[in-house]
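Raw structure_29.cif, mmCIF, C-alpha atoms:
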```cif
data_work
#
loop_
_atom_site.label_atom_id
_atom_site.label_comp_id
_atom_site.auth_asym_id
_atom_site.auth_seq_id
_atom_site.Cartn_x
_atom_site.Cartn_y
_atom_site.Cartn_z
CA MET A 1 -121.61 -109.60 103.31
CA GLU A 2 -122.76 -107.20 100.61
CA LYS A 3 -125.37 -108.38 98.17
CA ASN A 4 -124.28 -109.19 94.64
CA ILE A 5 -125.08 -106.77 91.84
CA THR A 6 -126.48 -107.77 88.45
CA VAL A 7 -125.44 -106.24 85.13
CA THR A 8 -126.82 -106.83 81.65
CA THR A 9 -124.23 -107.41 78.93
CA LEU A 10 -125.07 -106.96 75.25
CA PHE A 11 -123.25 -108.65 72.36
CA PHE A 12 -123.25 -107.75 68.68
CA SER A 13 -121.95 -109.13 65.40
CA PHE A 14 -119.60 -112.09 65.76
CA ALA A 15 -119.34 -111.51 69.50
CA ALA A 16 -123.03 -112.50 69.72
CA ASP A 17 -122.31 -115.59 67.62
CA ARG A 18 -119.43 -116.61 69.89
CA MET A 19 -121.56 -116.13 73.01
CA ASN A 20 -124.59 -117.67 71.33
CA ALA A 21 -126.56 -114.79 72.89
CA ARG A 22 -127.38 -111.13 72.31
CA GLN A 23 -127.85 -110.42 76.00
CA ILE A 24 -126.72 -112.03 79.26
CA GLN A 25 -127.50 -111.15 82.88
CA VAL A 26 -124.43 -111.53 85.07
CA PRO A 27 -124.32 -111.51 88.90
CA LEU A 28 -121.15 -109.86 90.21
CA ALA A 29 -119.50 -109.10 93.51
CA PRO A 30 -120.02 -105.47 94.56
CA GLY A 31 -117.16 -103.24 93.43
CA SER A 32 -116.37 -105.35 90.36
CA THR A 33 -114.92 -103.39 87.46
CA LEU A 34 -115.74 -103.58 83.77
CA GLY A 35 -112.33 -105.17 83.18
CA GLN A 36 -113.01 -107.89 85.74
CA LEU A 37 -116.36 -108.67 84.15
CA ILE A 38 -114.81 -109.02 80.70
CA GLU A 39 -111.77 -110.98 81.86
CA GLU A 40 -113.53 -113.34 84.23
CA GLN A 41 -116.77 -113.97 82.38
CA PHE A 42 -116.25 -113.50 78.65
CA VAL A 43 -112.68 -113.56 77.30
CA ALA A 44 -112.53 -117.37 77.27
CA ARG A 45 -115.51 -117.51 74.90
CA LEU A 46 -114.87 -114.31 72.94
CA GLY A 47 -111.21 -115.11 72.26
CA PRO A 48 -108.00 -113.36 73.33
CA GLU A 49 -108.45 -110.62 70.69
CA SER A 50 -111.44 -109.38 72.69
CA GLN A 51 -108.92 -107.88 75.15
CA ASN A 52 -108.39 -105.16 72.54
CA TRP A 53 -112.04 -104.44 71.81
CA LEU A 54 -114.02 -101.45 73.02
CA PHE A 55 -116.73 -101.57 75.65
CA SER A 56 -119.52 -99.30 76.79
CA VAL A 57 -121.48 -98.90 80.01
CA ASN A 58 -124.96 -97.37 79.90
CA GLN A 59 -124.55 -96.40 76.23
CA GLU A 60 -121.25 -94.58 76.72
CA TRP A 61 -117.69 -95.68 75.99
CA ALA A 62 -116.06 -96.91 79.19
CA SER A 63 -112.60 -97.82 80.47
CA ARG A 64 -111.87 -101.13 82.13
CA ASP A 65 -111.26 -99.66 85.55
CA LEU A 66 -114.85 -98.38 85.78
CA PRO A 67 -116.66 -99.93 88.78
CA LEU A 68 -119.99 -101.43 87.75
CA GLN A 69 -123.27 -100.67 89.48
CA ASP A 70 -126.38 -102.78 89.90
CA GLY A 71 -128.51 -102.53 86.75
CA ASP A 72 -125.73 -101.28 84.43
CA GLU A 73 -125.95 -102.07 80.72
CA VAL A 74 -122.55 -103.18 79.43
CA ALA A 75 -121.94 -103.66 75.71
CA VAL A 76 -119.13 -105.60 74.04
CA ILE A 77 -118.08 -103.76 70.86
CA PRO A 78 -115.99 -105.84 68.44
CA PRO A 79 -114.21 -103.97 65.60
CA VAL A 80 -116.85 -101.97 63.73
CA SER A 81 -117.46 -102.26 59.98
CA GLY A 82 -120.21 -99.82 59.05
CA GLY A 83 -120.46 -97.90 55.82
CA MET B 84 -130.02 -78.21 60.23
CA ASN B 85 -128.48 -81.46 61.43
CA ILE B 86 -129.96 -84.91 60.95
CA THR B 87 -128.13 -87.86 62.54
CA ARG B 88 -129.93 -91.17 62.78
CA LEU B 89 -130.03 -94.90 62.16
CA ILE B 90 -132.94 -96.08 60.06
CA THR B 91 -134.43 -99.31 58.76
CA ASP B 92 -136.45 -97.73 55.92
CA PRO B 93 -134.81 -96.71 52.63
CA ILE B 94 -132.58 -93.63 52.73
CA ASP B 95 -134.60 -90.60 51.59
CA VAL B 96 -132.29 -88.44 49.48
CA ASN B 97 -134.99 -85.81 48.96
CA GLU B 98 -135.41 -85.36 52.71
CA ALA B 99 -131.67 -84.78 52.98
CA LEU B 100 -131.74 -82.31 50.08
CA GLY B 101 -134.45 -80.37 51.88
CA ALA B 102 -132.60 -80.48 55.19
CA ILE B 103 -129.46 -78.88 53.80
CA ALA B 104 -131.08 -76.40 51.40
CA ASP B 105 -129.87 -72.89 52.21
CA PRO B 106 -129.53 -69.84 49.94
CA GLU B 107 -126.30 -68.91 51.72
CA CYS B 108 -124.71 -72.23 50.75
CA GLY B 109 -123.07 -72.45 47.35
CA ALA B 110 -121.94 -76.05 47.81
CA GLN B 111 -123.79 -79.25 48.58
CA VAL B 112 -121.85 -82.53 48.69
CA PHE B 113 -123.66 -85.87 48.83
CA PHE B 114 -121.99 -89.19 49.50
CA LEU B 115 -124.00 -92.40 49.22
CA GLY B 116 -122.42 -95.68 50.29
CA VAL B 117 -124.00 -98.53 48.31
CA VAL B 118 -123.92 -102.29 48.87
CA ARG B 119 -121.44 -103.73 46.37
CA ASN B 120 -121.65 -107.08 44.55
CA GLU B 121 -118.27 -108.29 45.80
CA PHE B 122 -115.87 -107.99 48.72
CA GLU B 123 -112.17 -108.66 48.22
CA GLY B 124 -112.95 -110.45 44.98
CA ARG B 125 -115.67 -112.75 46.34
CA ALA B 126 -119.19 -112.44 44.91
CA SER B 127 -121.79 -111.11 47.34
CA GLN B 128 -125.54 -110.77 47.10
CA GLY B 129 -126.00 -108.33 49.97
CA ILE B 130 -125.15 -107.30 53.50
CA PHE B 131 -126.89 -107.53 56.85
CA TYR B 132 -126.07 -104.53 59.09
CA ASP B 133 -126.19 -105.02 62.85
CA ALA B 134 -125.92 -102.04 65.22
CA TYR B 135 -125.93 -100.94 68.83
CA VAL B 136 -128.54 -98.35 68.01
CA SER B 137 -128.45 -96.13 71.09
CA LEU B 138 -124.66 -95.73 71.10
CA ALA B 139 -124.47 -95.52 67.30
CA GLU B 140 -126.86 -92.56 67.26
CA LYS B 141 -124.85 -90.84 70.00
CA GLU B 142 -121.67 -91.36 68.01
CA LEU B 143 -123.25 -89.98 64.82
CA ALA B 144 -124.30 -86.88 66.75
CA ARG B 145 -120.77 -86.50 68.15
CA ILE B 146 -119.29 -86.77 64.66
CA ALA B 147 -121.69 -84.06 63.48
CA THR B 148 -120.53 -81.75 66.27
CA GLU B 149 -116.88 -82.46 65.43
CA LEU B 150 -117.44 -81.69 61.74
CA HIS B 151 -119.14 -78.39 62.57
CA ASP B 152 -116.20 -77.50 64.81
CA ALA B 153 -113.56 -78.49 62.24
CA PHE B 154 -115.05 -77.13 59.01
CA ASP B 155 -116.95 -74.08 57.85
CA ILE B 156 -120.19 -75.90 57.07
CA ARG B 157 -123.80 -74.99 57.80
CA HIS B 158 -125.88 -78.16 57.45
CA LEU B 159 -125.17 -81.84 57.80
CA VAL B 160 -127.00 -85.14 57.38
CA LEU B 161 -125.46 -88.41 58.63
CA VAL B 162 -127.80 -91.37 58.15
CA HIS B 163 -126.99 -95.08 58.26
CA ARG B 164 -129.48 -97.75 57.29
CA ILE B 165 -129.39 -101.12 59.08
CA GLY B 166 -130.96 -104.52 58.44
CA ASP B 167 -130.79 -106.71 55.34
CA LEU B 168 -129.77 -104.75 52.24
CA PRO B 169 -129.36 -106.25 48.76
CA VAL B 170 -126.65 -105.25 46.30
CA GLY B 171 -127.22 -101.76 44.90
CA THR B 172 -129.00 -100.44 48.00
CA ALA B 173 -127.77 -97.27 49.69
CA SER B 174 -126.59 -98.05 53.23
CA VAL B 175 -125.17 -94.69 54.31
CA LEU B 176 -125.68 -91.04 53.39
CA VAL B 177 -123.48 -88.08 54.21
CA ALA B 178 -124.82 -84.74 52.98
CA VAL B 179 -123.13 -81.41 53.65
CA ALA B 180 -123.97 -77.84 52.77
CA ALA B 181 -121.39 -75.08 53.06
CA GLY B 182 -120.73 -71.64 51.70
CA HIS B 183 -118.00 -72.99 49.45
CA ARG B 184 -116.94 -76.37 48.09
CA PRO B 185 -113.55 -76.98 49.80
CA ASP B 186 -115.04 -77.35 53.28
CA ALA B 187 -118.08 -79.20 51.96
CA PHE B 188 -115.90 -81.85 50.27
CA ARG B 189 -113.55 -82.17 53.24
CA ALA B 190 -116.36 -82.46 55.78
CA ALA B 191 -118.16 -85.09 53.71
CA LYS B 192 -115.02 -87.20 53.43
CA GLU B 193 -114.25 -86.87 57.14
CA GLY B 194 -117.88 -87.70 57.89
CA ILE B 195 -117.91 -91.03 56.09
CA ASP B 196 -114.40 -91.91 57.31
CA ARG B 197 -115.37 -91.30 60.96
CA ILE B 198 -118.64 -93.22 60.58
CA LYS B 199 -116.77 -96.24 59.24
CA ALA B 200 -114.10 -96.04 61.93
CA ARG B 201 -116.18 -95.41 65.05
CA VAL B 202 -119.91 -96.00 64.86
CA PRO B 203 -120.94 -99.38 66.33
CA ILE B 204 -122.35 -100.94 63.17
CA TRP B 205 -121.29 -104.32 61.76
CA LYS B 206 -121.58 -105.99 58.36
CA ARG B 207 -122.39 -109.61 57.70
CA GLU B 208 -121.81 -110.52 54.08
CA HIS B 209 -124.34 -112.71 52.26
CA TRP B 210 -121.99 -114.46 49.85
CA VAL B 211 -123.26 -115.86 46.59
CA LYS B 212 -121.57 -119.14 47.55
CA GLY B 213 -120.91 -120.34 51.09
CA PRO B 214 -122.22 -119.33 54.51
CA ASP B 215 -122.57 -115.70 55.60
CA THR B 216 -119.63 -114.20 57.51
CA TRP B 217 -119.11 -111.05 59.57
CA HIS B 218 -116.48 -108.60 58.43
CA ASP B 219 -113.31 -108.61 60.55
CA ASP B 220 -114.18 -111.94 62.19
CA ALA B 221 -110.81 -113.65 62.30
CA SER B 222 -112.41 -116.96 63.28
CA ALA B 223 -114.70 -117.06 60.24
CA SER B 224 -114.13 -119.68 57.60
CA HIS B 225 -113.42 -118.12 54.24
CA ASP B 226 -113.75 -121.38 52.36
CA VAL B 227 -116.09 -121.30 49.41
CA GLU B 228 -118.29 -124.35 49.08
#
```
Show me, as structure tokens, the structure contained in the file I just sent.
Amino acid sequence: MEKNITVTTLFFSFAADRMNARQIQVPLAPGSTLGQLIEEQFVARLGPESQNWLFSVNQEWASRDLPLQDGDEVAVIPPVSGG
Amino acid sequence: MNITRLITDPIDVNEALGAIADPECGAQVFFLGVVRNEFEGRASQGIFYDAYVSLAEKELARIATELHDAFDIRHLVLVHRIGDLPVGTASVLVAVAAGHRPDAFRAAKEGIDRIKARVPIWKREHWVKGPDTWHDDASASHDVE
């Protein structure tokens, strides 16, 4: 059996409030995708609207079908409001 | 010259003026976004700006490249300040220098519009009355104490 991988997930704005954390380490089965991470670990706490948010992996925008690697930095990006 | 960055210190307008100074440019357009004393009719005393700094700076640099591709401009400054900012404080600066004013105005407007739409920065409003809330947080209570 392949060893689990670990990814770091960052949260900002009200996503951090809902998670009560700015950063979480998550162990995952090898081959897990970004979409699986979000769906299985976070949507219940972030709320169903988080399905429509953007995400990044290693400081670059990423699609949900991206397979995650050990040590990746995922970020949950709720709707932005700069300016 | 291009400057694209997130900062915590006050926005330095003179630095931006210097960065875009060019004798071949007959137009300089400056836009300063300033923290307002209300949002949708509710009194505010300031805003806290959160950001994903590494991705935000990448996105600012991408917007700068896009603006150079889309408009005939020579110099560009895109700076966003983050942290706790009271009413009246400048939070964002877009400065453009171009040969002529039409492209300078258009690029400056596109610059601030793209920053607001895409750069991972978030506002939390410090209301005069009631607890702070994040913009666009549908779960936030909007009741005033």
Neighbours of chain B in chain A at 7 Å, counting only C-alpha atoms, as number ranges by chain = A: 13-14, 59-60, 77, 79-83
Please provide the set of residues having any atom within 12 Å of A:Thr9, restricted to all atoms listed in the file, with same-chain residues fewer than 6 positions apart removed, written as a VMD selection string.
-> chain A and resid 15 to 16 19 21 to 28 34 37 to 38 41 to 42 55 to 59 68 71 to 77
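What separates atom CA of B:Asp95 from atom CA of B:Val160 is a distance of 11.0 Å.
Remark: for A:Phe12, the closest of the candidate residues A:Gln36, A:Ala29, A:Leu46, A:Gln51 is A:Leu46 (distances computed over all atoms listed in the file).
Using the PyMOL selection byres ((chain A and resi 64-67) around 7) on the file at hand returns these residues: Gly31, Ser32, Thr33, Leu34, Gly35, Ala62, Ser63, Leu68 and Gln69 of chain A.
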Could you write out as JSON the box around stretch 72-77 of chain A (axis-aligned, all atoms listed in the file, 4 Å on each side), with centre and edge lengths in Å to one decimal?
```
{"center_x": -122.0, "center_y": -103.4, "center_z": 77.6, "size_x": 15.9, "size_y": 12.3, "size_z": 21.6}
```
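Here atom CA of A:Arg18 and atom CA of A:Pro30 stand 27.1 Å from one another.
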Near stretch 119-129 of chain B, counting all atoms listed in the file, which residues have an atom at most 8 Å away, once you skip same-chain residues fewer than 3 positions from it, shown as a ChimeraX atom specification?
-> /B:167-171,208-212
Set the distance at 7 Å and use all atoms listed in the file: which residues neighbour B:Ala178 once local chain neighbours fewer than 6 positions away are removed? I'd like the list as a short mmCIF file (atom, residue, chain, number, x, y, z; two decimals) with C-alpha atoms, keeping the file's coordinate frame.
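Everything below was put into around.cif:
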```cif
data_model
loop_
_atom_site.label_atom_id
_atom_site.label_comp_id
_atom_site.auth_asym_id
_atom_site.auth_seq_id
_atom_site.Cartn_x
_atom_site.Cartn_y
_atom_site.Cartn_z
CA ALA B 99 -131.67 -84.78 52.98
CA VAL B 112 -121.85 -82.53 48.69
CA PHE B 113 -123.66 -85.87 48.83
CA PHE B 114 -121.99 -89.19 49.50
CA LEU B 159 -125.17 -81.84 57.80
CA VAL B 160 -127.00 -85.14 57.38
CA LEU B 161 -125.46 -88.41 58.63
CA ALA B 191 -118.16 -85.09 53.71
#
```
Test item: which residues lie within 12 Å of (-123.2, -82.7, 62.0) counting all atoms listed in the file, as a PyMOL selection string | chain B and resi 84-88+102-103+140-162+177-181+187+190-191+193-195+197-198
Could you list the residues chosen by the PyMOL selection byres ((chain B and resi 107) around 9) in this structure as a PDB file with C-alpha atoms, in the frame of the given file?
```pdb
ATOM      1  CA  ALA B 104    -131.080 -76.400  51.400  1.00  0.00           C
ATOM      2  CA  ASP B 105    -129.870 -72.890  52.210  1.00  0.00           C
ATOM      3  CA  PRO B 106    -129.530 -69.840  49.940  1.00  0.00           C
ATOM      4  CA  CYS B 108    -124.710 -72.230  50.750  1.00  0.00           C
ATOM      5  CA  GLY B 109    -123.070 -72.450  47.350  1.00  0.00           C
ATOM      6  CA  ARG B 157    -123.800 -74.990  57.800  1.00  0.00           C
ATOM      7  CA  ALA B 181    -121.390 -75.080  53.060  1.00  0.00           C
ATOM      8  CA  GLY B 182    -120.730 -71.640  51.700  1.00  0.00           C
TER       9      GLY B 182
END
```
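Separating atom CA of A:Glu2 from atom CA of A:Asp70 is a distance of 12.1 Å.
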Coordinates of stretch 57-79 of chain A, N, CA, C and O atoms, as a short mmCIF file (atom, residue, chain, number, x, y, z; two decimals), in the first residue's frame:
```
data_model
loop_
_atom_site.label_atom_id
_atom_site.label_comp_id
_atom_site.auth_asym_id
_atom_site.auth_seq_id
_atom_site.Cartn_x
_atom_site.Cartn_y
_atom_site.Cartn_z
N VAL A 57 -2.90 25.91 -6.23
CA VAL A 57 -1.93 24.92 -5.75
C VAL A 57 -0.55 25.47 -6.03
O VAL A 57 -0.24 25.87 -7.17
N ASN A 58 0.26 25.55 -4.98
CA ASN A 58 1.63 26.09 -5.09
C ASN A 58 1.63 27.48 -5.74
O ASN A 58 2.36 27.75 -6.68
N GLN A 59 0.77 28.33 -5.22
CA GLN A 59 0.66 29.74 -5.62
C GLN A 59 0.30 29.93 -7.08
O GLN A 59 0.69 30.92 -7.71
N GLU A 60 -0.47 28.98 -7.63
CA GLU A 60 -0.99 29.17 -8.99
C GLU A 60 -2.40 28.63 -9.06
O GLU A 60 -2.70 27.61 -8.45
N TRP A 61 -3.27 29.35 -9.81
CA TRP A 61 -4.65 28.90 -9.94
C TRP A 61 -4.68 27.46 -10.44
O TRP A 61 -3.87 27.09 -11.32
N ALA A 62 -5.61 26.67 -9.92
CA ALA A 62 -5.61 25.24 -10.26
C ALA A 62 -7.03 24.74 -10.46
O ALA A 62 -7.97 25.23 -9.82
N SER A 63 -7.17 23.75 -11.36
CA SER A 63 -8.49 23.15 -11.58
C SER A 63 -8.65 21.93 -10.66
O SER A 63 -7.67 21.36 -10.17
N ARG A 64 -9.90 21.56 -10.47
CA ARG A 64 -10.21 20.53 -9.48
C ARG A 64 -9.68 19.15 -9.84
O ARG A 64 -9.55 18.29 -8.97
N ASP A 65 -9.41 18.94 -11.12
CA ASP A 65 -8.94 17.60 -11.49
C ASP A 65 -7.42 17.45 -11.31
O ASP A 65 -6.86 16.40 -11.62
N LEU A 66 -6.77 18.47 -10.78
CA LEU A 66 -5.32 18.39 -10.60
C LEU A 66 -4.97 17.38 -9.49
O LEU A 66 -5.45 17.52 -8.37
N PRO A 67 -4.13 16.39 -9.79
CA PRO A 67 -3.69 15.48 -8.73
C PRO A 67 -2.72 16.19 -7.79
O PRO A 67 -1.85 16.95 -8.24
N LEU A 68 -2.89 15.98 -6.51
CA LEU A 68 -2.03 16.65 -5.53
C LEU A 68 -0.80 15.80 -5.24
O LEU A 68 -0.84 14.57 -5.31
N GLN A 69 0.29 16.49 -4.92
CA GLN A 69 1.55 15.83 -4.59
C GLN A 69 1.88 16.09 -3.12
O GLN A 69 1.44 17.09 -2.55
N ASP A 70 2.73 15.22 -2.57
CA ASP A 70 3.17 15.42 -1.20
C ASP A 70 3.84 16.79 -1.07
O ASP A 70 4.68 17.16 -1.89
N GLY A 71 3.45 17.55 -0.05
CA GLY A 71 4.06 18.86 0.20
C GLY A 71 3.41 20.02 -0.52
O GLY A 71 3.83 21.16 -0.35
N ASP A 72 2.38 19.77 -1.33
CA ASP A 72 1.71 20.87 -2.04
C ASP A 72 1.10 21.87 -1.07
O ASP A 72 0.64 21.50 0.02
N GLU A 73 1.06 23.14 -1.53
CA GLU A 73 0.37 24.19 -0.78
C GLU A 73 -0.90 24.55 -1.54
O GLU A 73 -0.85 25.15 -2.61
N VAL A 74 -2.02 24.16 -0.96
CA VAL A 74 -3.34 24.47 -1.55
C VAL A 74 -3.86 25.74 -0.87
O VAL A 74 -3.63 25.95 0.32
N ALA A 75 -4.55 26.59 -1.62
CA ALA A 75 -5.21 27.74 -0.99
C ALA A 75 -6.66 27.80 -1.43
O ALA A 75 -6.98 27.59 -2.60
N VAL A 76 -7.53 28.07 -0.47
CA VAL A 76 -8.96 28.25 -0.72
C VAL A 76 -9.20 29.75 -0.87
O VAL A 76 -8.87 30.53 0.02
N ILE A 77 -9.76 30.14 -2.03
CA ILE A 77 -9.88 31.56 -2.37
C ILE A 77 -11.36 31.94 -2.46
O ILE A 77 -11.97 31.80 -3.53
N PRO A 78 -11.96 32.43 -1.38
CA PRO A 78 -13.35 32.89 -1.48
C PRO A 78 -13.42 34.14 -2.36
O PRO A 78 -12.38 34.70 -2.72
N PRO A 79 -14.64 34.59 -2.73
CA PRO A 79 -14.74 35.75 -3.62
C PRO A 79 -13.91 36.93 -3.09
O PRO A 79 -13.98 37.27 -1.92
#
```
